[in-house]
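Structure record follows, encoded as C-alpha cells.
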Amino acid sequence: MSNVLLQRMVLQSSKGTAGLHTSSTLHEIRKMARLRVVDNSKIGKAAMLEGKPPRCIHVYNKKSVGHTGDKVLVAIKGQMKRAILVGCHQDQKPLMPKFDTNNIVLIDDNGTPLGNRIHVPIPTMLRKKLVDMSRPKSADYTKILAIATRFV
Amino acid sequence: MKLQLCHYSGYKIYPGHGKTMVRTDGKTFVFLNSKCERGYRLKRNPREVRWTILYRRKHKKGMDEETAKKRTRRTQKYQRAIVGASLTDIMAKRNMKPEVRKAQREQAIRAAKEKTRAAKATKKSNSNTQKPNKKATQKIAKVPKAARPGTHGGHAGHGSRR
C-alpha cells in the first residue's frame with residue numbers, strides 16, 4: 001500500500017469515521033431514560049447512592065416523551081413507582097426553566113410524595129400543569145409543591 | 001413584572017424574553033438569548049467577551065459618565081504612648097479640668113517665684129531670715145505633688161487587677 005493511503009487510513013480511524021454527520025442528542029425522557037430522584041425519600045436516596053438511578057419504564061403521555069410535570073412510571077430498586085418529572089434537560093416550552101439533570105419526585109398513586117423535602121429548585125410553572133392533572137376526588141399532584149424549598 | 005439581568009451579558013431581560021437554566025448544584029442562570037447561552041455553554045468567560053457588561057466594567061469602558069467612587073485615604077488619629085509618658089499619663093494630662101490645670105500652673109508659678117526669691121535671698125546672703133520661708137513653701141509644694149502620684153498609682157492599680 002502506498003504511504004499516502006496508509007496515512008489517510010490512520011487519520012480516518014483517529015477522527016472516527018470521516019464524513020459522518022450526527023445530530024445533537026435530543027435528551028428526551030422516554031422508556032429506559034435514567035432519572036435523578038431529588039426528594040429525600042428513603043428509596044430514592046438509596047437508589048441514587050447505590051449508583052443505580054431509576055429508569056423510566058412508561059410515560060403517561062400521548063406522545064411517550066416526558067416533559068416537565070408529566071407523570072412517569074419508574075423502576076427503582078426492583079420496584080415500580082410513579083413519579084413526576086420536575087425538571088428536564090431538554091428544551092422545554094417557553095417560560096419553563098431548563099435543568100442540567102432530569103429530575104423526578106417519587107409519588108404514590110394519590111399524588112402524595114414519598115419524601116418530605118425537595119432541596120432542588122422546582123419550577124413555579126409546574127403548578128398550573130399539576131392542578132390540571134389533579135382530580136378532586138382521587139389524585140392531588142400539587143402536594144409536591146408543598147414540600148419544595150426553593151422555586152425557580 | 002420583574003426585570004431580570006442576563007447572567008452572561010448583564011443586559012436587562014424584559015418579559016417574554018430569555019431562558020432560565022438550573023445547574024445541577026442548584027444555581028439558577030438567566031440568559032437573554034441563545035447568544036448568551038451559547039457563550040456560557042462554550043465556557044467563554046464573559047469578562048473576556050467584549051460586548052458584555054462584565055467586560056466593560058472590568059476594563060472600565062464608558063464609566064466616566066457614571067460617578068466613580070473616590071476613596072480618600074484618611075489616616076486614623078491614634079493615641080500612642082511615648083517614651084517618658086505612658087498612655088495614662090497623656091490621658092490624665094489631657095482630661096485635666098481647667099481649674100486643676102490653673103491650680104497646677106499657679107503652683108508652678110509660685111514655686112518658680114519662690115525659687116527666684118530664694119536665689120535672690122542667697123545672693124543677698126541673708127540666709128537666716130529666709131530659711132523658715134523656704135521650708136514652708138517646700139511643704140506646700142510637696143503635698144499636692146504627693147497627691148498626684150496617688151491618682152496615677154490608682155490608675156496603674158486598676159490596670160494590674162485586670
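Residues are referred to by chain and number: the chain letter is A, B, ... according to the order shown in the C-alpha cells, the number counts from 1 in that chain, and ligands are numbered separately from 1 in the order shown.
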* Asked: Do you know which residues are at most 12 Å from range 125-132 of chain A counting only C-alpha atoms, after dropping those on the same chain fewer than 5 positions away, and could you put them as a PyMOL selection string?
  -> chain A and resi 67-71+84-87+92-98+111+139-146+148+151-152
Determine, for each residue of chain B having at least one atom at most 6 Å from an atom of chain A, the closest pair of atoms and their separation in Å to one decimal, counting only C-alpha atoms; order by chain and ascending number, as JSON lines.
{"residue": "B:Thr20", "atom": "CA", "partner": "A:Pro97", "partner_atom": "CA", "distance": 4.8}
{"residue": "B:Met21", "atom": "CA", "partner": "A:Lys98", "partner_atom": "CA", "distance": 4.5}
{"residue": "B:Val22", "atom": "CA", "partner": "A:Phe99", "partner_atom": "CA", "distance": 4.6}
{"residue": "B:Arg23", "atom": "CA", "partner": "A:Asp100", "partner_atom": "CA", "distance": 5.2}
{"residue": "B:Thr24", "atom": "CA", "partner": "A:Asp100", "partner_atom": "CA", "distance": 5.5}
{"residue": "B:Gly26", "atom": "CA", "partner": "A:Val120", "partner_atom": "CA", "distance": 5.9}
* **Point-to-point distance from CA of Val65 in chain A to CA of Thr25 in chain A, Å rounded to tenths** => 14.2 Å
* To do: May I have the residues within 7 Å of Tyr8 in chain B as a count of residues only, using only C-alpha atoms and disregarding those fewer than 2 positions away in the same chain?
  => 6
* To do: Would you list the contacts of Leu3 in chain B as a PyMOL selection string, taking every protein, DNA or RNA residue within 9 Å and counting only C-alpha atoms, but skipping same-chain residues closer than 2 positions in sequence?
  => chain B and resi 1+5+12-15
What would the file look like if the residues just selected were written as a compact mmCIF listing (two decimals), in the first residue's frame with N, CA and C atoms?
# COMPACT_ATOMS: atom_id res chain seq x y z
N MET B 1 -43.91 43.40 36.34
CA MET B 1 -43.15 42.16 36.21
C MET B 1 -41.68 42.42 36.51
N LEU B 5 -31.66 40.37 35.09
CA LEU B 5 -30.44 40.68 34.35
C LEU B 5 -29.86 39.39 33.80
N LYS B 12 -30.66 43.75 30.48
CA LYS B 12 -31.97 43.56 31.13
C LYS B 12 -32.80 42.60 30.30
N ILE B 13 -33.51 41.77 30.99
CA ILE B 13 -34.38 40.81 30.31
C ILE B 13 -35.82 41.22 30.57
N TYR B 14 -36.51 41.61 29.52
CA TYR B 14 -37.90 42.03 29.64
C TYR B 14 -38.80 40.81 29.54
N PRO B 15 -40.02 40.93 30.04
CA PRO B 15 -40.91 39.77 29.99
C PRO B 15 -41.14 39.29 28.57
* Find the distance between CA of Val72 in chain A and CA of Ser23 in chain A and write it in Å to one decimal. => 26.5 Å
* Length of the CA of Ala47 in chain A to CA of Val105 in chain A vector [Å] -> 13.0 Å
